[in-house]
file upload36.txt (compact mmCIF, C-alpha atoms and all ligand atoms)
# COMPACT_ATOMS: atom_id res chain seq x y z
CA MET I 1 62.80 -2.16 -30.19
CA ILE I 2 61.51 -3.44 -33.51
CA LEU I 3 64.55 -5.58 -34.29
CA SER I 4 67.11 -7.26 -32.12
CA ALA I 5 69.73 -9.43 -33.82
CA ASN I 6 72.31 -10.98 -31.59
CA ASN I 7 75.53 -12.78 -32.53
CA ILE I 8 74.36 -13.74 -36.03
CA HIS I 9 76.64 -16.20 -37.82
CA LYS I 10 76.25 -17.53 -41.34
CA SER I 11 78.54 -19.67 -43.49
CA TYR I 12 78.20 -21.03 -46.99
CA GLY I 13 80.07 -24.33 -47.04
CA ASN I 14 83.23 -23.62 -45.08
CA LEU I 15 83.22 -19.94 -46.02
CA ALA I 16 82.20 -17.78 -43.03
CA ILE I 17 80.16 -14.83 -44.32
CA LEU I 18 78.65 -13.33 -41.14
CA LYS I 19 80.88 -13.56 -38.10
CA GLY I 20 78.83 -12.47 -35.11
CA VAL I 21 76.63 -9.53 -36.07
CA ASP I 22 74.69 -7.60 -33.42
CA LEU I 23 72.10 -5.07 -34.51
CA GLU I 24 69.26 -3.32 -32.70
CA VAL I 25 66.82 -1.00 -34.41
CA GLU I 26 64.11 1.18 -32.86
CA ARG I 27 60.67 1.68 -34.37
CA GLY I 28 60.68 4.62 -36.77
CA GLU I 29 64.44 4.55 -37.33
CA ILE I 30 66.01 4.80 -40.77
CA VAL I 31 69.23 2.82 -40.66
CA SER I 32 71.56 2.45 -43.58
CA ILE I 33 74.10 -0.35 -43.98
CA VAL I 34 77.19 0.39 -46.03
CA GLY I 35 80.32 -1.58 -46.86
CA ALA I 36 82.39 -3.00 -49.68
CA SER I 37 81.04 -5.56 -52.11
CA GLY I 38 81.12 -9.00 -50.52
CA ALA I 39 81.07 -7.68 -46.93
CA GLY I 40 77.87 -9.64 -46.23
CA LYS I 41 75.28 -6.85 -46.39
CA SER I 42 72.73 -8.71 -48.52
CA THR I 43 73.31 -11.90 -46.55
CA LEU I 44 72.51 -10.03 -43.34
CA LEU I 45 69.42 -8.43 -44.88
CA HIS I 46 68.16 -11.83 -46.05
CA ILE I 47 68.54 -13.21 -42.54
CA ILE I 48 66.82 -10.19 -40.96
CA GLY I 49 64.09 -10.62 -43.56
CA THR I 50 63.70 -14.30 -42.52
CA LEU I 51 64.38 -15.38 -46.12
CA ASP I 52 67.35 -17.31 -44.80
CA ARG I 53 68.13 -18.72 -41.35
CA PRO I 54 71.29 -17.95 -39.37
CA ASP I 55 73.59 -20.84 -38.36
CA GLN I 56 73.84 -19.32 -34.91
CA GLY I 57 72.42 -16.34 -33.03
CA HIS I 58 69.06 -14.85 -32.07
CA LEU I 59 66.70 -12.77 -34.13
CA ILE I 60 63.74 -11.03 -32.54
CA ILE I 61 61.39 -8.99 -34.72
CA ASN I 62 58.46 -7.15 -33.19
CA ASP I 63 58.87 -9.25 -29.99
CA VAL I 64 58.72 -12.55 -31.90
CA ASP I 65 61.65 -14.95 -31.74
CA VAL I 66 61.55 -15.89 -35.42
CA ASN I 67 64.05 -18.76 -35.12
CA HIS I 68 61.34 -20.72 -33.36
CA LEU I 69 58.73 -20.43 -36.11
CA ASN I 70 58.22 -23.32 -38.51
CA GLU I 71 58.30 -22.62 -42.27
CA ARG I 72 54.56 -22.06 -42.59
CA LYS I 73 54.36 -19.67 -39.64
CA LEU I 74 57.52 -17.95 -40.80
CA SER I 75 56.17 -17.18 -44.26
CA LEU I 76 52.95 -15.86 -42.69
CA PHE I 77 55.00 -13.73 -40.29
CA ARG I 78 57.18 -12.45 -43.13
CA ASN I 79 54.18 -11.50 -45.26
CA GLN I 80 52.56 -9.60 -42.38
CA HIS I 81 55.57 -7.94 -40.77
CA ILE I 82 58.26 -7.36 -43.35
CA GLY I 83 58.22 -5.36 -46.57
CA PHE I 84 60.96 -5.75 -49.17
CA ILE I 85 62.32 -3.32 -51.73
CA PHE I 86 65.01 -4.59 -54.11
CA GLN I 87 67.45 -2.95 -56.50
CA PHE I 88 65.49 -4.30 -59.44
CA HIS I 89 61.87 -3.77 -58.58
CA HIS I 90 60.86 -7.47 -58.95
CA LEU I 91 57.36 -6.49 -60.02
CA LEU I 92 55.58 -9.32 -61.79
CA PRO I 93 55.55 -8.46 -65.51
CA GLU I 94 52.14 -9.98 -66.29
CA PHE I 95 50.33 -7.89 -63.69
CA THR I 96 49.41 -4.21 -63.51
CA ALA I 97 50.83 -1.83 -60.91
CA LEU I 98 47.67 -2.13 -58.81
CA GLU I 99 47.67 -5.95 -59.01
CA ASN I 100 51.34 -6.09 -58.04
CA VAL I 101 50.69 -3.86 -55.04
CA CYS I 102 47.74 -6.02 -53.94
CA ILE I 103 49.54 -9.38 -54.09
CA PRO I 104 50.83 -9.32 -50.47
CA ALA I 105 47.26 -8.60 -49.29
CA PHE I 106 45.80 -11.40 -51.43
CA ILE I 107 48.34 -13.81 -49.92
CA ASN I 108 47.18 -12.58 -46.53
CA GLY I 109 43.55 -13.41 -47.39
CA VAL I 110 42.29 -9.83 -47.72
CA PRO I 111 39.21 -9.62 -50.02
CA LYS I 112 39.84 -8.18 -53.50
CA LYS I 113 37.78 -4.99 -53.09
CA GLU I 114 39.41 -4.09 -49.79
CA ALA I 115 42.90 -4.81 -51.09
CA GLU I 116 42.31 -2.72 -54.20
CA LYS I 117 41.02 0.19 -52.16
CA ARG I 118 44.15 0.20 -50.03
CA GLY I 119 46.29 -0.41 -53.12
CA MET I 120 44.87 2.69 -54.82
CA GLU I 121 45.38 4.75 -51.65
CA LEU I 122 49.03 3.67 -51.54
CA LEU I 123 49.60 4.38 -55.24
CA GLU I 124 48.07 7.82 -54.66
CA ARG I 125 50.24 8.49 -51.61
CA LEU I 126 53.27 7.57 -53.71
CA GLY I 127 52.18 9.74 -56.61
CA VAL I 128 51.71 6.94 -59.15
CA GLN I 129 47.93 6.44 -59.09
CA ALA I 130 47.78 7.38 -62.79
CA ARG I 131 49.88 4.29 -63.51
CA ALA I 132 47.58 1.84 -61.67
CA ASP I 133 46.62 -0.01 -64.86
CA HIS I 134 50.11 -0.04 -66.36
CA LYS I 135 52.23 -3.15 -66.51
CA PRO I 136 55.81 -2.72 -65.25
CA THR I 137 57.34 -2.38 -68.73
CA ALA I 138 55.06 0.62 -69.36
CA MET I 139 56.45 2.55 -66.39
CA SER I 140 59.69 4.47 -65.84
CA GLY I 141 62.33 3.14 -63.43
CA GLY I 142 61.33 5.69 -60.78
CA GLU I 143 57.65 4.78 -61.16
CA GLN I 144 58.40 1.05 -60.96
CA GLN I 145 60.34 1.63 -57.76
CA ARG I 146 57.50 3.70 -56.25
CA VAL I 147 55.09 0.88 -57.07
CA SER I 148 57.42 -1.58 -55.36
CA VAL I 149 57.46 0.68 -52.29
CA ALA I 150 53.63 0.63 -52.32
CA ARG I 151 53.76 -3.17 -52.50
CA ALA I 152 56.17 -3.24 -49.55
CA LEU I 153 53.73 -1.09 -47.53
CA MET I 154 50.61 -3.07 -48.46
CA ASN I 155 50.31 -5.14 -45.28
CA ASN I 156 51.47 -2.27 -43.08
CA PRO I 157 54.67 -4.11 -42.10
CA SER I 158 56.65 -3.46 -38.93
CA LEU I 159 59.86 -3.27 -40.86
CA ILE I 160 60.88 -2.40 -44.41
CA LEU I 161 64.11 -3.86 -45.75
CA ALA I 162 65.67 -2.43 -48.87
CA ASP I 163 68.71 -3.70 -50.77
CA GLU I 164 70.20 -0.92 -52.91
CA PRO I 165 66.74 0.48 -53.68
CA SER I 166 68.12 3.44 -55.64
CA GLY I 167 70.99 1.50 -57.23
CA ASN I 168 69.20 1.44 -60.55
CA LEU I 169 67.89 5.05 -60.56
CA ASP I 170 69.35 8.32 -61.81
CA SER I 171 70.30 10.83 -59.12
CA GLU I 172 67.04 12.79 -59.33
CA ASN I 173 64.83 9.71 -58.99
CA ALA I 174 67.14 8.37 -56.27
CA ALA I 175 66.81 11.58 -54.23
CA SER I 176 63.04 11.53 -54.64
CA LEU I 177 62.84 7.87 -53.52
CA HIS I 178 64.98 8.65 -50.45
CA GLN I 179 62.72 11.63 -49.68
CA LEU I 180 59.78 9.24 -49.83
CA PHE I 181 61.34 6.97 -47.17
CA PHE I 182 61.60 9.92 -44.79
CA GLU I 183 58.02 11.02 -45.51
CA LEU I 184 56.79 7.49 -44.76
CA ARG I 185 58.75 7.44 -41.55
CA ASP I 186 57.31 10.80 -40.51
CA SER I 187 53.70 9.96 -41.41
CA LEU I 188 53.53 6.24 -40.55
CA ASN I 189 56.48 5.83 -38.15
CA GLN I 190 57.70 3.21 -40.60
CA THR I 191 61.09 1.60 -39.88
CA PHE I 192 63.65 1.15 -42.65
CA ILE I 193 66.88 -0.81 -42.90
CA ILE I 194 68.53 0.07 -46.18
CA VAL I 195 71.64 -1.43 -47.73
CA THR I 196 73.08 1.26 -49.94
CA HIS I 197 76.12 2.45 -51.85
CA ASN I 198 74.52 5.90 -52.05
CA GLU I 199 76.58 8.25 -49.90
CA GLU I 200 73.86 10.89 -49.72
CA LEU I 201 71.34 8.39 -48.36
CA ALA I 202 73.87 7.12 -45.82
CA ARG I 203 74.54 10.71 -44.76
CA ILE I 204 70.90 11.65 -44.19
CA SER I 205 69.83 8.43 -42.45
CA ASP I 206 69.45 8.38 -38.67
CA ARG I 207 72.29 5.91 -38.31
CA THR I 208 74.84 4.38 -40.67
CA ILE I 209 76.17 0.91 -39.99
CA HIS I 210 79.48 -0.08 -41.52
CA MET I 211 80.05 -3.71 -42.44
CA ARG I 212 83.40 -5.22 -43.23
CA ASP I 213 84.28 -8.86 -43.66
CA GLY I 214 81.11 -10.18 -42.03
CA LYS I 215 81.16 -7.87 -39.03
CA ILE I 216 79.67 -4.55 -37.98
CA PHE I 217 82.03 -1.98 -36.59
N1 LIG H 1 74.08 -18.55 -51.54
C1 LIG H 1 75.41 -18.36 -51.44
N2 LIG H 1 76.27 -19.39 -51.55
C2 LIG H 1 77.61 -19.20 -51.44
N3 LIG H 1 78.18 -18.00 -51.19
C3 LIG H 1 77.38 -16.95 -51.08
C4 LIG H 1 75.96 -17.05 -51.20
N4 LIG H 1 75.42 -15.82 -51.01
C5 LIG H 1 76.46 -14.99 -50.82
N5 LIG H 1 77.63 -15.65 -50.85
C6 LIG H 1 78.97 -15.05 -50.65
O1 LIG H 1 78.91 -14.31 -49.44
C7 LIG H 1 79.68 -13.12 -49.53
C8 LIG H 1 78.84 -11.93 -49.13
O2 LIG H 1 77.80 -11.76 -50.08
P1 LIG H 1 76.70 -10.61 -49.97
O3 LIG H 1 75.79 -10.78 -51.12
O4 LIG H 1 76.11 -10.62 -48.62
O5 LIG H 1 77.63 -9.30 -50.14
P2 LIG H 1 77.20 -7.78 -50.21
O6 LIG H 1 77.86 -7.09 -49.07
O7 LIG H 1 75.72 -7.66 -50.32
O8 LIG H 1 77.90 -7.31 -51.56
P3 LIG H 1 77.38 -6.31 -52.75
O9 LIG H 1 77.65 -4.92 -52.26
O10 LIG H 1 78.25 -6.68 -53.92
O11 LIG H 1 75.94 -6.59 -52.99
C9 LIG H 1 80.18 -13.05 -50.96
O12 LIG H 1 81.53 -13.42 -50.98
C10 LIG H 1 79.31 -14.05 -51.70
O13 LIG H 1 80.01 -14.63 -52.77
MG MG H 2 74.44 -7.09 -51.87
call {"tool": "encode", "arguments": {"input": "upload36.txt", "output": "structure tokens"}}
result
Amino acid sequence: MILSANNIHKSYGNLAILKGVDLEVERGEIVSIVGASGAGKSTLLHIIGTLDRPDQGHLIINDVDVNHLNERKLSLFRNQHIGFIFQFHHLLPEFTALENVCIPAFINGVPKKEAEKRGMELLERLGVQARADHKPTAMSGGEQQRVSVARALMNNPSLILADEPSGNLDSENAASLHQLFFELRDSLNQTFIIVTHNEELARISDRTIHMRDGKIF
């Protein structure tokens, strides 16, 4: 089990957003989370990603009880174990594709040469090595998203979390990004939890989780 979330509750003020969510995910699984706008999907993903803490409940990732880590250990853990892919790529505009991909490794203290070697390998695996020196504005949406997948993979995380990763892509680029997730699962046994409104992605994932009003059903 790569992830075990148990009885997760989260409120903002007196508004209950997550009302006792249980979720277990096996290594190598591709799980999609679907549900109406406002159901709490992104809130849940933030908590699983340790970007936010639950008010109540247990969260175990890769056998570590993350609730018990202090902020410094938590950010180290997050950088090493969790990769993020967002709807809008969130690449840093001042940096090239290769530099963006290397940032998680730099934060982790990996020497520049080593990080760049792995960064180039990842860009090549994702078919965007020719864009290594391009800044984000000089890449297409599909290319930007592939670079952000490379960045998510940089530290070889246990778990990749994606929030509407293809929400900003045309159907062809979306299908090719989804294909990439399955290739990465097959070759690296990478685990994905993907919030999506894309019905095709939900259909082809190993498991689809439906959220409504702060609960999974
Ligand atoms: N930081 C916050 N402070 C207050 N309320 C919040 C905060 N973050 C989210 N919410 C509220 O929590 C509810 C769930 O939000 P969330 O972003 O998890 O929904 P979602 O399922 O991801 O929706 P969408 O499909 O539109 O992205 C919403 O009603 C939202 O307004
Ligand atoms: Mg959302």
call {"tool": "residues_near_ligand", "arguments": {"input": "upload36.txt", "ligand": "ligand MG 2 (chain H)", "cutoff": "12 Å", "atoms": "all atoms listed in the file", "output": "count of residues only"}}
result
26
call {"tool": "closest_residue", "arguments": {"input": "upload36.txt", "among": "I:Asn198, I:Asn173, I:Thr208, I:Asn67", "to": "ligand LIG 1 (chain H)", "atoms": "all atoms listed in the file"}}
result
I:Asn198
call {"tool": "closest_residue", "arguments": {"input": "upload36.txt", "among": "I:Ser140, I:Gln145, I:Gln129, I:Ser4", "to": "Ile61 of chain I", "atoms": "only C-alpha atoms"}}
result
I:Ser4
call {"tool": "residues_around", "arguments": {"input": "upload36.txt", "residues": "Leu122 of chain I", "least_positions_apart": "5", "cutoff": "9 Å", "atoms": "only C-alpha atoms", "output": "PyMOL selection string"}}
result
chain I and resi 101+117+127-129+147+149-151+153-154
call {"tool": "closest_residue", "arguments": {"input": "upload36.txt", "among": "I:Arg27, I:Lys135, I:Arg53, I:His58", "to": "ligand LIG 1 (chain H)", "atoms": "only C-alpha atoms and all ligand atoms"}}
result
I:Arg53
call {"tool": "atom_distance", "arguments": {"input": "upload36.txt", "atom1": "atom O12 of ligand LIG 1 (chain H)", "atom2": "atom CA of Ile17 of chain I"}}
result
6.9 Å
call {"tool": "closest_residue", "arguments": {"input": "upload36.txt", "among": "I:Arg146, I:Arg212, I:His9, I:Arg125", "to": "Ile85 of chain I", "atoms": "all atoms listed in the file"}}
result
I:Arg146
call {"tool": "atom_distance", "arguments": {"input": "upload36.txt", "atom1": "atom CA of Asp170 of chain I", "atom2": "atom CA of Thr137 of chain I"}}
result
17.5 Å
call {"tool": "residues_around", "arguments": {"input": "upload36.txt", "residues": "Gly142 of chain I", "least_positions_apart": "5", "cutoff": "8 Å", "atoms": "all atoms listed in the file", "output": "list in words"}}
result
Leu169, Asn173, Ala174 and Leu177 of chain I
call {"tool": "atom_distance", "arguments": {"input": "upload36.txt", "atom1": "atom CA of Glu172 of chain I", "atom2": "atom CA of Ser32 of chain I"}}
result
19.4 Å
call {"tool": "closest_residue", "arguments": {"input": "upload36.txt", "among": "I:Asp65, I:Asp206, I:Asp213, I:Glu71", "to": "ligand LIG 1 (chain H)", "atoms": "only C-alpha atoms and all ligand atoms"}}
result
I:Asp213
call {"tool": "residues_around", "arguments": {"input": "upload36.txt", "residues": "Leu184 of chain I", "least_positions_apart": "5", "cutoff": "10 Å", "atoms": "only C-alpha atoms", "output": "ChimeraX atom specification"}}
result
/I:28,125-126,153,179,189-192
call {"tool": "build_atoms", "arguments": {"input": "upload36.txt", "residues": "segment 103-128 of chain I", "atoms": "N, CA and C atoms", "output": "PDB file, in the coordinates of the input"}}
result
ATOM      1  N   ILE I 103      49.175  -7.968 -54.275  1.00  0.00           N
ATOM      2  CA  ILE I 103      49.540  -9.380 -54.090  1.00  0.00           C
ATOM      3  C   ILE I 103      49.813  -9.745 -52.614  1.00  0.00           C
ATOM      4  N   PRO I 104      50.598  -8.941 -51.876  1.00  0.00           N
ATOM      5  CA  PRO I 104      50.830  -9.320 -50.470  1.00  0.00           C
ATOM      6  C   PRO I 104      49.526  -9.407 -49.662  1.00  0.00           C
ATOM      7  N   ALA I 105      48.541  -8.560 -50.001  1.00  0.00           N
ATOM      8  CA  ALA I 105      47.260  -8.600 -49.290  1.00  0.00           C
ATOM      9  C   ALA I 105      46.458  -9.833 -49.683  1.00  0.00           C
ATOM     10  N   PHE I 106      46.495 -10.193 -50.977  1.00  0.00           N
ATOM     11  CA  PHE I 106      45.800 -11.400 -51.430  1.00  0.00           C
ATOM     12  C   PHE I 106      46.368 -12.629 -50.702  1.00  0.00           C
ATOM     13  N   ILE I 107      47.700 -12.683 -50.611  1.00  0.00           N
ATOM     14  CA  ILE I 107      48.340 -13.810 -49.920  1.00  0.00           C
ATOM     15  C   ILE I 107      47.877 -13.865 -48.467  1.00  0.00           C
ATOM     16  N   ASN I 108      47.604 -12.690 -47.923  1.00  0.00           N
ATOM     17  CA  ASN I 108      47.180 -12.580 -46.530  1.00  0.00           C
ATOM     18  C   ASN I 108      45.674 -12.812 -46.367  1.00  0.00           C
ATOM     19  N   GLY I 109      44.971 -13.093 -47.467  1.00  0.00           N
ATOM     20  CA  GLY I 109      43.550 -13.410 -47.390  1.00  0.00           C
ATOM     21  C   GLY I 109      42.621 -12.208 -47.363  1.00  0.00           C
ATOM     22  N   VAL I 110      43.128 -11.033 -47.691  1.00  0.00           N
ATOM     23  CA  VAL I 110      42.290  -9.830 -47.720  1.00  0.00           C
ATOM     24  C   VAL I 110      41.400  -9.879 -48.977  1.00  0.00           C
ATOM     25  N   PRO I 111      40.092  -9.604 -48.849  1.00  0.00           N
ATOM     26  CA  PRO I 111      39.210  -9.620 -50.020  1.00  0.00           C
ATOM     27  C   PRO I 111      39.658  -8.612 -51.087  1.00  0.00           C
ATOM     28  N   LYS I 112      39.358  -8.942 -52.353  1.00  0.00           N
ATOM     29  CA  LYS I 112      39.840  -8.180 -53.500  1.00  0.00           C
ATOM     30  C   LYS I 112      39.501  -6.684 -53.403  1.00  0.00           C
ATOM     31  N   LYS I 113      38.230  -6.390 -53.118  1.00  0.00           N
ATOM     32  CA  LYS I 113      37.780  -4.990 -53.090  1.00  0.00           C
ATOM     33  C   LYS I 113      38.570  -4.173 -52.071  1.00  0.00           C
ATOM     34  N   GLU I 114      38.711  -4.762 -50.891  1.00  0.00           N
ATOM     35  CA  GLU I 114      39.410  -4.090 -49.790  1.00  0.00           C
ATOM     36  C   GLU I 114      40.876  -3.864 -50.141  1.00  0.00           C
ATOM     37  N   ALA I 115      41.483  -4.913 -50.716  1.00  0.00           N
ATOM     38  CA  ALA I 115      42.900  -4.810 -51.090  1.00  0.00           C
ATOM     39  C   ALA I 115      43.082  -3.726 -52.149  1.00  0.00           C
ATOM     40  N   GLU I 116      42.175  -3.695 -53.123  1.00  0.00           N
ATOM     41  CA  GLU I 116      42.310  -2.720 -54.200  1.00  0.00           C
ATOM     42  C   GLU I 116      42.105  -1.290 -53.707  1.00  0.00           C
ATOM     43  N   LYS I 117      41.246  -1.140 -52.725  1.00  0.00           N
ATOM     44  CA  LYS I 117      41.020   0.190 -52.160  1.00  0.00           C
ATOM     45  C   LYS I 117      42.307   0.679 -51.500  1.00  0.00           C
ATOM     46  N   ARG I 118      42.895  -0.186 -50.679  1.00  0.00           N
ATOM     47  CA  ARG I 118      44.150   0.200 -50.030  1.00  0.00           C
ATOM     48  C   ARG I 118      45.268   0.372 -51.064  1.00  0.00           C
ATOM     49  N   GLY I 119      45.277  -0.502 -52.073  1.00  0.00           N
ATOM     50  CA  GLY I 119      46.290  -0.410 -53.120  1.00  0.00           C
ATOM     51  C   GLY I 119      46.230   0.941 -53.829  1.00  0.00           C
ATOM     52  N   MET I 120      45.011   1.388 -54.149  1.00  0.00           N
ATOM     53  CA  MET I 120      44.870   2.690 -54.820  1.00  0.00           C
ATOM     54  C   MET I 120      45.299   3.823 -53.895  1.00  0.00           C
ATOM     55  N   GLU I 121      44.972   3.714 -52.609  1.00  0.00           N
ATOM     56  CA  GLU I 121      45.380   4.750 -51.650  1.00  0.00           C
ATOM     57  C   GLU I 121      46.905   4.853 -51.595  1.00  0.00           C
ATOM     58  N   LEU I 122      47.558   3.681 -51.604  1.00  0.00           N
ATOM     59  CA  LEU I 122      49.030   3.670 -51.540  1.00  0.00           C
ATOM     60  C   LEU I 122      49.624   4.257 -52.822  1.00  0.00           C
ATOM     61  N   LEU I 123      49.076   3.849 -53.972  1.00  0.00           N
ATOM     62  CA  LEU I 123      49.600   4.380 -55.240  1.00  0.00           C
ATOM     63  C   LEU I 123      49.433   5.907 -55.269  1.00  0.00           C
ATOM     64  N   GLU I 124      48.317   6.376 -54.698  1.00  0.00           N
ATOM     65  CA  GLU I 124      48.070   7.820 -54.660  1.00  0.00           C
ATOM     66  C   GLU I 124      49.075   8.506 -53.736  1.00  0.00           C
ATOM     67  N   ARG I 125      49.288   7.932 -52.571  1.00  0.00           N
ATOM     68  CA  ARG I 125      50.240   8.490 -51.610  1.00  0.00           C
ATOM     69  C   ARG I 125      51.636   8.584 -52.242  1.00  0.00           C
ATOM     70  N   LEU I 126      51.955   7.608 -53.085  1.00  0.00           N
ATOM     71  CA  LEU I 126      53.270   7.570 -53.710  1.00  0.00           C
ATOM     72  C   LEU I 126      53.327   8.307 -55.055  1.00  0.00           C
ATOM     73  N   GLY I 127      52.189   8.897 -55.417  1.00  0.00           N
ATOM     74  CA  GLY I 127      52.180   9.740 -56.610  1.00  0.00           C
ATOM     75  C   GLY I 127      52.178   8.979 -57.928  1.00  0.00           C
ATOM     76  N   VAL I 128      51.741   7.724 -57.919  1.00  0.00           N
ATOM     77  CA  VAL I 128      51.710   6.940 -59.150  1.00  0.00           C
ATOM     78  C   VAL I 128      50.328   6.342 -59.435  1.00  0.00           C
TER      79      VAL I 128
END
